[in-house]
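Take a look at the structure set out below.
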Number of protein chains: 4
Amino acid sequence: MSLNSFGHLFRFTTWGESHGPAIGAVVDGCPPGLALSEAQIQPFLDARRPGQSRFTTQRQEPDQVRILSGVFEGKTTGTPISLMIENVDQRSKDYGDVAKAYRPGHADYAYDAKYGFRDYRGGGRSSARETASRVAAGAVARLVIPEVKILAWVSEIGGDRIDMDHFDAAEIGRNPFFCPDSWAAARWEKLVDDARKSGSSLGAVAECVATGVPAGWGAPLYAKLDAELAHAMMGINAVKGVEIGDGFAAARNTGEGNADPMRPGQGAPEFLANHAGGIAGGISTGQPVTVRVAFKPTSSILTPMPTITREGEATELLTKGRHDPCVGIRGVPVVEAMMALVLADQKLLHRGQVG
Amino acid sequence: MSLNSFGHLFRFTTWGESHGPAIGAVVDGCPPGLALSEAQIQPFLDARRPGQSRFTTQRQEPDQVRILSGVFEGKTTGTPISLMIENVDQRSKDYGDVAKAYRPGHADYAYDAKYGFRDYRGGGRSSARETASRVAAGAVARLVIPEVKILAWVSEIGGDRIDMDHFDAAEIGRNPFFCPDSWAAARWEKLVDDARKSGSSLGAVAECVATGVPAGWGAPLYAKLDAELAHAMMGINAVKGVEIGDGFAAARNTGEGNADPMRPGQGAPEFLANHAGGIAGGISTGQPVTVRVAFKPTSSILTPMPTITREGEATELLTKGRHDPCVGIRGVPVVEAMMALVLADQKLLHRGQVG
Amino acid sequence: MSLNSFGHLFRFTTWGESHGPAIGAVVDGCPPGLALSEAQIQPFLDARRPGQSRFTTQRQEPDQVRILSGVFEGKTTGTPISLMIENVDQRSKDYGDVAKAYRPGHADYAYDAKYGFRDYRGGGRSSARETASRVAAGAVARLVIPEVKILAWVSEIGGDRIDMDHFDAAEIGRNPFFCPDSWAAARWEKLVDDARKSGSSLGAVAECVATGVPAGWGAPLYAKLDAELAHAMMGINAVKGVEIGDGFAAARNTGEGNADPMRPGQGAPEFLANHAGGIAGGISTGQPVTVRVAFKPTSSILTPMPTITREGEATELLTKGRHDPCVGIRGVPVVEAMMALVLADQKLLHRGQVG
Amino acid sequence: MSLNSFGHLFRFTTWGESHGPAIGAVVDGCPPGLALSEAQIQPFLDARRPGQSRFTTQRQEPDQVRILSGVFEGKTTGTPISLMIENVDQRSKDYGDVAKAYRPGHADYAYDAKYGFRDYRGGGRSSARETASRVAAGAVARLVIPEVKILAWVSEIGGDRIDMDHFDAAEIGRNPFFCPDSWAAARWEKLVDDARKSGSSLGAVAECVATGVPAGWGAPLYAKLDAELAHAMMGINAVKGVEIGDGFAAARNTGEGNADPMRPGQGAPEFLANHAGGIAGGISTGQPVTVRVAFKPTSSILTPMPTITREGEATELLTKGRHDPCVGIRGVPVVEAMMALVLADQKLLHRGQVG
């Protein structure tokens with residue numbers, strides 16, 4: 001069962017709610033002997049951390065991670081690595097109104113229908129705050145796949161796309177949008193600011209590329225690399241679509257147009273295109289593994305929306321408080337983490353099964 | 001581990017290759033006491049069966065399913081249900097050329113990179129033939145969720161979309177394209193025929209809606225209903241993209257535009273929209289669960305493509321033989337089956353965990 | 001979920017009932033490239049096969065195994081290996097009386113309480129016939145661990161123990177009891193014959209030793225090698241006790257007496273004793289892995305026993321038909337198979353996690 | 001994968017080492033709406049807590065549990081319950097000598113062979129300290145099965161057995177041995193004291209009975225109730241043998257002697273004996289579920305034993321420090337916890353699969 005766990009051999013379990021004392025992850029199956037300290041995890045958490053610009057929620061969380069087990073004398077031991085992040089800024093008074101009714105677009109109603117209770121303090125377990133645990137676990141996963149380089153960015157906000165001719169990887173870290181196109185970043189500044197000021201919100205598309213993945217990773221037929229990536233990405237809060245390689249564009253192409261011809265290369269074959277996104281039959285081909293992810297606009301907005309109370313009465317609700325005007329932005333480090341977690345798992349699976 | 005198995009409580013394992021003596025599935029976790037016979041499974045296999053029109057592969061397979069265990073006196077017993085389908089038309093001579101080189105776009109190279117061998121007779125385990133096992137298992141899954149109605153169709157071939165104003169569910173079974181729009185079906189006839197005749201192939205988009213799913217199914221956080229559906233669908237051969245609800249269109253919407261407001265309804269709340277596709281926080285909301293799936297064009301085409309031999313030499317390959325000019329068409333019964341399999345599993349999970 | 005599956009990376013799923021058309025196993029996770037044919041599996045099935053002497057059930061089953069998938073050109077491919085054994089001698093008329101009442105000591109009542117039905121033809125899924133599937137899967141597992149030699153025997157029948165001074169491994173295959181002590185075998189002949197003639201039955205103890213297991217296999221903490229072996233063995237029909245190494249005798253020893261001191265050896269340390277049965281902290285030590293298993297006497301006997309009908313009426317039942325007077329005897333090949341299956345799985349797990 | 005997790009639907013994952021900052025467990029799959037606070041877990045931890053008499057290790061650990069997630073307003077929410085216990089008394093200086101060589105009988109050598117490192121501060125992950133996490137998780141499991149009463153005790157220390165005619169359940173909590181026979185408790189006081197003073201150690205047998213388990217729990221064929229119990233118990237530190245019902249004694253009985261005849265009873269059938277220990281075919285029968293567990297004597301003793309250093313040199317080692325002279329005693333709360341954890345899981349599985 002993988003209800004709050006993910007992965008087969010490299011496996012993590014997360015726990016914790018947005019307004020509880022702490023959140024965390026237990027990483028099981030990390031091979032022994034890898035150098036690991038809090039300092040290696042922290043930068044990834046810092047990238048996801050809220051409150052760093054006016055374009056993200058103003059909740060102030062230092063997101064300091066603590067390693068509670070699984071590391072001895074600076075190295076992983078092969079036993080479970082327990083990671084804990086304390087919640088510091090849980091000001092639940094902000095969420096007072098929410099207690100009365102289900103927030104439209106949020107998981108409030110669905111959770112109540114399932115579990116029969118309301119954690120009216122905030123999203124509880126369904127809050128995007130849980131993704132900090134994934135980012136921490138993902139930092140550990142990266143140690144397992146040093147041959148792989150993972151890079152994600154935002155390629156589109158509110159329908160405004162980057163221009164691939166302007167793509168500059170170095171730019172990604174220089175603006176608050178993980179945007180590789182400085183022209184687009186400039187436009188998005190106004191776009192997101194306008195949404196924030198008007199109490200609206202915007203959707204986004206994030207893209208992620210993993211280079212250095214050797215051919216042969218992937219566990220057919222029901223733990224295929226692309227299926228595992230789809231699971232990992234669709235499980236991120238607010239994600240509604242996942243594409244591998246050309247994705248939906250492939251459905252509009254022909255067999256000739258969509259082919260990835262091969263010719264002899266150095267050591268491995270050279271591919272003349274990568275429509276497949278580096279995966280064929282659920283197995284990596286040695287080409288870059290590419291994923292595209294659609295984030296819906298944040299459901300918390302300042303426009304009052306019709307909804308019902310827990311007692312079934314009609315009411316209206318607008319969600320005040322500290323929210324991301326575009327939740328997709330902070331999704332970038334989460335997408336990278338999930339990519340790392342899937343690849344680390346598949347590497348160990350491949351090693352176990354094929355040797 | 002779920003390498004050739006799928007599901008948690010309602011779980012199936014498939015086996016078999018395109019050119020072996022048989023393929024099959026073992027369905028584990030089906031509740032006892034459900035009426036089941038081969039006659040209930042066969043219609044779903046017949047819908048997926050090849051050779052029924054000139055728009056699908058001409059391989060002739062009766063796809064007769066046999067139940068080898070788990071049923072006694074016409075009812076399921078709660079023990080594993082073994083389903084077997086013999087391969088009849090394995091004419092592997094058709095695939096002679098393929099033995100020499102990797103077919104571009106196929107899993108040939110990736111499988112060899114992983115497992116170190118070539119099953120030159122055809123796709124082997126990576127062949128779409130395996131999906132017959134899924135369809136058989138899916139027919140059993142439907143027994144577990146009699147409250148749910150599942151309907152899938154092709155909404156787009158080669159970029160030509162149906163018009164939702166023409167949507168007629170009854171039409172789906174009347175044409176060889178699972179097309180609910182008779183105007184579009186007429187256009188596709190020429191489109192697919194042209195592709196077939198020219199040895200080309202086309203991509204397609206399939207859509208699937210499950211109505212009657214009660215609010216509360218889904219197992220957060222790492223077996224979310226949407227994540228499980230994404231896994232199930234992305235694992236189907238040739239699928240490159242999955243959307244839940246509005247999918248990528250949500251990324252271009254605003255928070256107000258994307259909201260699904262609620263008002264009091266009969267028994268359950270009434271939603272005023274369904275951008276979310278019936279899932280919030282990974283849990284069903286009671287609205288129709290909607291999924292959209294992108295199929296790439298069949299990789300087997302009559303245009304010669306550059307590739308390499310197993311020894312790494314440059315060559316060209318065109319894939320003769322019996323292929324679907326648009327593999328997405330026969331994907332429709334598979335998409336329905338995967339929807340049924342995910343929902344049956346989530347129903348049992350919900351019952352087990354929440355009672 | 002492992003309801004009808006066992007193992008983590010080397011994993012098998014069994015299906016089938018004693019009186020259905022066939023039984024079988026799907027072996028998933030077998031590495032590619034291993035030479036495999038039916039001829040390699042058959043000898044192990046033959047050793048377990050009923051009807052070979054008057055000391056086992058007279059049901060006549062050829063137990064011919066068929067490989068339906070996962071092998072190409074004589075080698076495993078890394079994909080699921082489907083094994084099928086047809087049931088030939090299902091004469092269910094023999095079981096007529098059983099339809100009326102629950103057989104005491106059998107799983108009849110428990111299965112009905114769980115699943116709400118009676119398969120009155122025989123044990124159905126709970127029949128020892130299912131163990132043929134395990135033996136077939138175990139034969140595949142042996143290919144994965146060529147470095148390991150597994151040997152099991154019966155050490156005790158009806159309380160009459162072998163004398164370890166008479167132990168001769170070559171003797172095991174020469175008598176119908178898998179008995180390594182020819183003196184004991186001679187005594188058991190009369191003992192089992194008397195039980196058979198009087199319609200009684202006897203319990204037995206089997207022992208199993210695996211040599212060549214390197215130090216380091218085992219997956220702490222909840223897939224420990226000893227815990228997995230205990231699970232595997234206790235799950236065999238009629239087994240009521242499992243010991244690793246000295247087992248219960250260790251509970252009567254002192255720390256000094258129970259120690260396994262070490263001294264420098266060739267390549268690996270040399271142990272001066274093996275009270276631990278080759279496992280410490282759930283991990284193999286490099287010493288022989290030793291397991292002892294208690295089989296209860298066959299529950300089917302010719303003495304009438306009080307029981308109840310399905311309607312709850314008092315009645316008496318004696319179980320005519322074809323039964324093993326000592327079910328532990330034919331348990332030996334099953335014990336060996338489960339040892340092989342656990343070790344193959346642990347070898348792959350170790351390789352995956354530690355490299 | 002269940003490497004540091006246990007259970008299917010009610011599932012827990014433990015983490016932490018004996019000398020790290022803390023240990024803990026994440027309990028996943030606990031149904032929502034159950035009243036839970038630290039005060040309900042603490043008594044079970046207190047029963048297992050060291051340092052309470054001279055018959056257990058003198059390590060002083062308050063073993064205060066903290067609930068970090070999964071509980072809101074005093075009730076479980078259905079989300080993961082994170083339990084943490086800080087290590088307070090890790091005086092690792094006590095273990096100085098151990099750094100030089102492998103302690104015979106301990107997991108030191110096996111862990112090094114597997115993972116390639118030595119946690120010379122103590123047992124690390126293989127320490128019995130980890131069982132505190134199981135006891136905490138077990139306290140949560142008890143909430144799921146209020147219909148079941150679990151009772152365990154020590155029935156034998158150093159080969160000295162209790163007299164069942166003296167059995168008094170009330171006595172178990174009155175002496176430091178969990179002994180239900182006050183005569184035996186008096187004898188054991190001297191026995192264990194002598195072992196302690198002479199630096200020796202003793203083995204023990206613990207027994208556990210669960211009453212109130214309804215007929216029908218158990219998940220055949222590879223998650224049978226008895227197999228799961230065997231796995232759970234054999235995985236406890238120092239356990240070398242597990243028996244269900246009559247266990248090895250059944251192997252010395254006849255079919256007639258071992259039968260559990262039935263007669264009509266109130267609501268459920270009445271059984272005239274319970275040789276089977278309440279389990280047939282891996283499914284509960286409604287009778288008390290009985291398990292017997294053999295604990296080896298503590299490996300840490302004051303008699304020097306031959307061993308080797310990490311460099312492979314011969315040496316001798318005696319294990320000073322704070323150890324239990326009879327580790328089986330404090331095993332009793334752990335045995336109870338594992339019984340609760342298995343039963344809670346099987347209850348949910350049954351509900352999920354059979355409804």
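By order of appearance in the structure tokens: chains A, B, ..., then residues from 1 within every chain, and ligands from 1 in the order shown.
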**Study point:** Spatial neighbours of Gly158 in chain C, max dist 9 Å, only C-alpha atoms, sep filter under 2 positions, as a list of chain:residue names
**Key:**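 Selected residues are C:Glu156, C:Asp160, C:Arg161, C:Trp188, C:Leu191, C:Val192, C:Ser201, C:Leu202, C:Gly203, C:Ala204, C:Val205, C:Pro297, C:Cys326, D:Ala251, D:Arg252, D:Asn253, D:Thr254.
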Selection export as a PDB file, in the first residue's frame, atoms kept: N, CA and C atoms:
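Saved result, result_18.pdb, follows:
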```
ATOM      1  N   GLU C 156      11.289 -35.921  11.777  1.00  0.00           N
ATOM      2  CA  GLU C 156      10.459 -36.482  12.845  1.00  0.00           C
ATOM      3  C   GLU C 156       9.078 -36.763  12.274  1.00  0.00           C
ATOM      4  N   ASP C 160       8.654 -39.547  16.434  1.00  0.00           N
ATOM      5  CA  ASP C 160       9.840 -40.407  16.287  1.00  0.00           C
ATOM      6  C   ASP C 160      10.889 -39.666  15.467  1.00  0.00           C
ATOM      7  N   ARG C 161      11.979 -39.322  16.115  1.00  0.00           N
ATOM      8  CA  ARG C 161      13.018 -38.477  15.505  1.00  0.00           C
ATOM      9  C   ARG C 161      14.107 -39.269  14.825  1.00  0.00           C
ATOM     10  N   TRP C 188       9.497 -45.588  10.242  1.00  0.00           N
ATOM     11  CA  TRP C 188       8.367 -44.760   9.789  1.00  0.00           C
ATOM     12  C   TRP C 188       7.466 -45.533   8.830  1.00  0.00           C
ATOM     13  N   LEU C 191       5.089 -47.102  10.970  1.00  0.00           N
ATOM     14  CA  LEU C 191       4.332 -46.075  11.695  1.00  0.00           C
ATOM     15  C   LEU C 191       3.266 -45.434  10.793  1.00  0.00           C
ATOM     16  N   VAL C 192       3.680 -45.026   9.617  1.00  0.00           N
ATOM     17  CA  VAL C 192       2.754 -44.345   8.710  1.00  0.00           C
ATOM     18  C   VAL C 192       1.746 -45.345   8.148  1.00  0.00           C
ATOM     19  N   SER C 201      -3.889 -40.179  11.309  1.00  0.00           N
ATOM     20  CA  SER C 201      -2.865 -39.408  10.601  1.00  0.00           C
ATOM     21  C   SER C 201      -1.813 -38.956  11.603  1.00  0.00           C
ATOM     22  N   LEU C 202      -0.655 -38.546  11.076  1.00  0.00           N
ATOM     23  CA  LEU C 202       0.480 -38.197  11.919  1.00  0.00           C
ATOM     24  C   LEU C 202       1.049 -36.837  11.549  1.00  0.00           C
ATOM     25  N   GLY C 203       1.586 -36.174  12.556  1.00  0.00           N
ATOM     26  CA  GLY C 203       2.313 -34.935  12.309  1.00  0.00           C
ATOM     27  C   GLY C 203       3.761 -35.214  11.979  1.00  0.00           C
ATOM     28  N   ALA C 204       4.472 -34.174  11.600  1.00  0.00           N
ATOM     29  CA  ALA C 204       5.876 -34.334  11.225  1.00  0.00           C
ATOM     30  C   ALA C 204       6.621 -33.026  11.420  1.00  0.00           C
ATOM     31  N   VAL C 205       7.938 -33.158  11.506  1.00  0.00           N
ATOM     32  CA  VAL C 205       8.797 -31.982  11.538  1.00  0.00           C
ATOM     33  C   VAL C 205       9.745 -32.064  10.340  1.00  0.00           C
ATOM     34  N   PRO C 297      -0.841 -33.145  12.114  1.00  0.00           N
ATOM     35  CA  PRO C 297      -1.353 -34.319  11.409  1.00  0.00           C
ATOM     36  C   PRO C 297      -2.480 -33.898  10.467  1.00  0.00           C
ATOM     37  N   CYS C 326       0.228 -38.494   6.318  1.00  0.00           N
ATOM     38  CA  CYS C 326       1.160 -37.582   7.014  1.00  0.00           C
ATOM     39  C   CYS C 326       1.520 -36.483   6.019  1.00  0.00           C
TER      40      CYS C 326
ATOM     41  N   ALA D 251       2.831 -31.564  15.945  1.00  0.00           N
ATOM     42  CA  ALA D 251       3.578 -32.484  15.075  1.00  0.00           C
ATOM     43  C   ALA D 251       3.742 -33.854  15.736  1.00  0.00           C
ATOM     44  N   ARG D 252       3.479 -33.907  17.014  1.00  0.00           N
ATOM     45  CA  ARG D 252       3.617 -35.184  17.748  1.00  0.00           C
ATOM     46  C   ARG D 252       2.259 -35.768  18.091  1.00  0.00           C
ATOM     47  N   ASN D 253       1.218 -35.173  17.567  1.00  0.00           N
ATOM     48  CA  ASN D 253      -0.142 -35.607  17.860  1.00  0.00           C
ATOM     49  C   ASN D 253      -0.702 -36.387  16.669  1.00  0.00           C
ATOM     50  N   THR D 254      -1.861 -37.022  16.876  1.00  0.00           N
ATOM     51  CA  THR D 254      -2.540 -37.700  15.770  1.00  0.00           C
ATOM     52  C   THR D 254      -3.691 -36.828  15.279  1.00  0.00           C
TER      53      THR D 254
END
```
Point to revise | 10 Å contacts from chain B to chain D using only C-alpha atoms, as a list in words | key: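 Filtering chain B at 10 Å from chain D with only C-alpha atoms gives Met1, Ser2, His8, Leu9, Phe10, Asp28, Gly29, Cys30, Pro31, Pro32, Gly33, Gly78, Thr79, Pro80, Ala219, Pro220, Leu221, Asp345, Gln346, Lys347, Leu348, Leu349, His350, Arg351, Gly352, Gln353, Val354 and Gly355 of chain B.
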Would you output that residue set with N, CA and C atoms, as a compact mmCIF listing (two decimals), in the first residue's frame?
```txt
# COMPACT_ATOMS: atom_id res chain seq x y z
N MET B 1 5.56 -4.27 -4.45
CA MET B 1 6.05 -3.98 -5.79
C MET B 1 4.91 -4.16 -6.77
N SER B 2 4.86 -3.30 -7.74
CA SER B 2 3.76 -3.41 -8.69
C SER B 2 4.31 -3.46 -10.10
N HIS B 8 -4.28 -1.80 -5.35
CA HIS B 8 -3.93 -2.03 -3.96
C HIS B 8 -4.76 -3.19 -3.41
N LEU B 9 -6.04 -2.99 -3.28
CA LEU B 9 -6.90 -4.07 -2.77
C LEU B 9 -7.53 -4.85 -3.92
N PHE B 10 -8.00 -4.17 -4.92
CA PHE B 10 -8.42 -4.82 -6.16
C PHE B 10 -7.21 -4.75 -7.07
N ASP B 28 -6.73 -10.30 -8.31
CA ASP B 28 -6.74 -10.66 -6.89
C ASP B 28 -7.50 -9.60 -6.10
N GLY B 29 -8.29 -10.03 -5.17
CA GLY B 29 -8.98 -9.08 -4.31
C GLY B 29 -10.40 -8.78 -4.75
N CYS B 30 -10.90 -9.50 -5.72
CA CYS B 30 -12.30 -9.30 -6.10
C CYS B 30 -13.18 -9.85 -4.97
N PRO B 31 -14.10 -9.08 -4.48
CA PRO B 31 -14.96 -9.56 -3.40
C PRO B 31 -15.75 -10.81 -3.82
N PRO B 32 -16.14 -11.63 -2.86
CA PRO B 32 -16.88 -12.86 -3.17
C PRO B 32 -18.34 -12.56 -3.47
N GLY B 33 -18.98 -13.53 -4.14
CA GLY B 33 -20.43 -13.48 -4.29
C GLY B 33 -20.94 -12.72 -5.49
N GLY B 78 -13.81 -14.84 -3.98
CA GLY B 78 -12.89 -14.05 -3.16
C GLY B 78 -11.44 -14.46 -3.37
N THR B 79 -11.22 -15.53 -4.12
CA THR B 79 -9.85 -15.98 -4.41
C THR B 79 -9.45 -15.53 -5.81
N PRO B 80 -8.19 -15.66 -6.18
CA PRO B 80 -7.72 -15.07 -7.44
C PRO B 80 -8.46 -15.61 -8.66
N ALA B 219 -7.34 8.00 -2.14
CA ALA B 219 -6.53 7.68 -0.97
C ALA B 219 -5.33 8.62 -0.88
N PRO B 220 -5.56 9.79 -0.28
CA PRO B 220 -4.43 10.72 -0.15
C PRO B 220 -3.39 10.15 0.79
N LEU B 221 -2.17 10.56 0.57
CA LEU B 221 -1.65 11.51 -0.39
C LEU B 221 -0.96 10.88 -1.57
N ASP B 345 -10.69 -0.41 -7.21
CA ASP B 345 -9.66 -0.45 -6.18
C ASP B 345 -9.90 0.63 -5.13
N GLN B 346 -10.22 1.83 -5.58
CA GLN B 346 -10.44 2.93 -4.64
C GLN B 346 -11.70 2.69 -3.80
N LYS B 347 -12.68 2.06 -4.37
CA LYS B 347 -13.88 1.76 -3.58
C LYS B 347 -13.54 0.81 -2.43
N LEU B 348 -12.78 -0.24 -2.75
CA LEU B 348 -12.41 -1.19 -1.70
C LEU B 348 -11.49 -0.55 -0.67
N LEU B 349 -10.55 0.27 -1.15
CA LEU B 349 -9.65 0.97 -0.22
C LEU B 349 -10.45 1.85 0.74
N HIS B 350 -11.39 2.57 0.18
CA HIS B 350 -12.20 3.46 1.00
C HIS B 350 -12.98 2.66 2.06
N ARG B 351 -13.56 1.57 1.61
CA ARG B 351 -14.33 0.73 2.52
C ARG B 351 -13.43 0.16 3.62
N GLY B 352 -12.23 -0.25 3.23
CA GLY B 352 -11.31 -0.81 4.23
C GLY B 352 -10.85 0.23 5.22
N GLN B 353 -10.54 1.43 4.74
CA GLN B 353 -9.92 2.39 5.64
C GLN B 353 -10.93 3.23 6.40
N VAL B 354 -12.01 3.53 5.79
CA VAL B 354 -12.95 4.44 6.44
C VAL B 354 -14.19 3.68 6.91
N GLY B 355 -14.49 2.56 6.30
CA GLY B 355 -15.58 1.71 6.80
C GLY B 355 -16.92 2.11 6.21
```
Contact table range 150-250 of chain C vs range 276-292 of chain D, cut-off 8 Å, shortest pair per residue, only C-alpha atoms, as a tab-separated table:
```
residue	atom	partner	partner_atom	distance
C:Gly235	CA	D:Gly282	CA	7.3
C:Asn237	CA	D:Gly281	CA	7.0
C:Lys240	CA	D:Ala276	CA	7.8
```
Would you save the residues of that selection, restricted to N, CA and C atoms, as a short mmCIF file (atom, residue, chain, number, x, y, z; two decimals), in the first residue's frame?
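The result, stored in out-v4.cif:
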```cif
data_model
loop_
_atom_site.label_atom_id
_atom_site.label_comp_id
_atom_site.auth_asym_id
_atom_site.auth_seq_id
_atom_site.Cartn_x
_atom_site.Cartn_y
_atom_site.Cartn_z
N GLY C 235 2.96 -20.06 6.31
CA GLY C 235 1.89 -19.99 5.32
C GLY C 235 1.67 -21.28 4.56
N ASN C 237 0.39 -24.94 4.07
CA ASN C 237 -0.75 -25.67 4.67
C ASN C 237 -0.27 -26.60 5.79
N LYS C 240 2.32 -25.30 11.84
CA LYS C 240 1.90 -24.65 13.09
C LYS C 240 3.06 -24.06 13.88
#
```
Practice item. Compile the contact shell of Ser133 in chain A as a ChimeraX atom specification: residues with an atom at most 12 Å away, counting only C-alpha atoms, same-chain residues fewer than 6 positions apart removed. Key: /A:4-5,12-18,22-27,41-42,44-45,48-49,63-66,82-87,125,127,139-140,236,333-334,337-338,341 /B:221
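Residue-level DSSP output for range 192-275 of chain D, from the backbone, shows strand (DSSP E or B) at Leu202, Ala204, Val205, Ala206, Glu207, Cys208, Val209, Ala210, Thr211, Ala219, Ala223, Val239, Lys240, Gly241, Val242, Glu243, Ile244, Thr254, Met262, Arg263, Glu270 and Phe271 of chain D.
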Point to revise | Nearby residues (only C-alpha atoms) at most 7 Å from Leu317 in chain D, same-chain spacing under 3 positions excluded, as a PyMOL selection string | key: chain D and resi 103+304-307
Writing out the chosen residues with N, CA, C and O atoms as a PDB file, in the first residue's frame:
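Written file, result_33.pdb:
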```pdb
ATOM      1  N   ARG D 103      30.469  -7.788  18.391  1.00  0.00           N
ATOM      2  CA  ARG D 103      29.932  -8.508  19.553  1.00  0.00           C
ATOM      3  C   ARG D 103      29.313  -9.827  19.085  1.00  0.00           C
ATOM      4  O   ARG D 103      28.368  -9.805  18.299  1.00  0.00           O
ATOM      5  N   PRO D 304      33.980 -13.342  28.560  1.00  0.00           N
ATOM      6  CA  PRO D 304      34.656 -12.991  27.310  1.00  0.00           C
ATOM      7  C   PRO D 304      34.470 -14.086  26.263  1.00  0.00           C
ATOM      8  O   PRO D 304      34.553 -15.270  26.580  1.00  0.00           O
ATOM      9  N   MET D 305      34.195 -13.681  25.043  1.00  0.00           N
ATOM     10  CA  MET D 305      33.944 -14.620  23.951  1.00  0.00           C
ATOM     11  C   MET D 305      34.898 -14.309  22.804  1.00  0.00           C
ATOM     12  O   MET D 305      35.150 -13.138  22.508  1.00  0.00           O
ATOM     13  N   PRO D 306      35.368 -15.350  22.137  1.00  0.00           N
ATOM     14  CA  PRO D 306      36.232 -15.113  20.967  1.00  0.00           C
ATOM     15  C   PRO D 306      35.460 -14.396  19.871  1.00  0.00           C
ATOM     16  O   PRO D 306      34.306 -14.722  19.602  1.00  0.00           O
ATOM     17  N   THR D 307      36.091 -13.428  19.280  1.00  0.00           N
ATOM     18  CA  THR D 307      35.464 -12.734  18.142  1.00  0.00           C
ATOM     19  C   THR D 307      36.575 -12.151  17.278  1.00  0.00           C
ATOM     20  O   THR D 307      37.760 -12.445  17.504  1.00  0.00           O
TER      21      THR D 307
END
```
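For the choices A:Phe178, A:Phe117, A:Tyr222, A:Trp153, the atom-to-atom distance to Cys208 in chain A is smallest for A:Trp153 when using only C-alpha atoms.
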Practice item. Enter the distance from CA of Thr56 in chain C to CA of Thr319 in chain C, in Å, rounded to one decimal. Key: 15.4 Å
Check your understanding: Can you list, as a PyMOL selection string, every protein, DNA or RNA residue that comes within 12 Å of Gly312 in chain B when you count only C-alpha atoms, leaving out same-chain residues fewer than 5 positions away?
Key -> (chain A and resi 262-270) or (chain B and resi 100-102+109+307)
Grab the residues selected above and save them as a CSV table (one decimal), in the first residue's frame with N, CA and C atoms.
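The file below, part_8.csv, is the result:
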```
chain,number,residue,atom,x,y,z
A,262,MET,N,17.2,7.1,-35.2
A,262,MET,CA,18.5,6.9,-34.5
A,262,MET,C,19.6,6.7,-35.5
A,263,ARG,N,20.8,7.1,-35.1
A,263,ARG,CA,22.0,6.8,-35.9
A,263,ARG,C,23.1,6.4,-34.9
A,264,PRO,N,24.1,5.8,-35.4
A,264,PRO,CA,25.2,5.3,-34.5
A,264,PRO,C,25.8,6.6,-33.8
A,265,GLY,N,26.1,6.4,-32.5
A,265,GLY,CA,26.7,7.5,-31.8
A,265,GLY,C,27.9,7.0,-31.0
A,266,GLN,N,28.4,7.9,-30.1
A,266,GLN,CA,29.5,7.5,-29.3
A,266,GLN,C,29.0,6.7,-28.1
A,267,GLY,N,29.3,5.4,-28.1
A,267,GLY,CA,28.9,4.6,-26.9
A,267,GLY,C,27.4,4.2,-27.0
A,268,ALA,N,26.6,5.2,-27.1
A,268,ALA,CA,25.1,5.0,-27.2
A,268,ALA,C,24.6,5.5,-28.6
A,269,PRO,N,23.5,5.0,-29.0
A,269,PRO,CA,23.0,5.6,-30.3
A,269,PRO,C,22.6,7.1,-30.2
A,270,GLU,N,22.7,7.8,-31.3
A,270,GLU,CA,22.3,9.2,-31.3
A,270,GLU,C,20.9,9.3,-31.8
B,100,LYS,N,16.5,-7.4,-37.5
B,100,LYS,CA,17.8,-6.9,-37.8
B,100,LYS,C,18.1,-5.6,-37.1
B,101,ALA,N,17.1,-4.8,-36.9
B,101,ALA,CA,17.3,-3.4,-36.4
B,101,ALA,C,16.2,-3.0,-35.4
B,102,TYR,N,16.5,-2.0,-34.6
B,102,TYR,CA,15.5,-1.4,-33.7
B,102,TYR,C,14.5,-0.6,-34.5
B,109,TYR,N,14.7,-0.7,-28.7
B,109,TYR,CA,16.0,-0.4,-28.2
B,109,TYR,C,16.0,-0.3,-26.6
B,307,THR,N,17.8,4.2,-38.5
B,307,THR,CA,17.9,3.5,-37.2
B,307,THR,C,19.2,2.8,-37.2
```
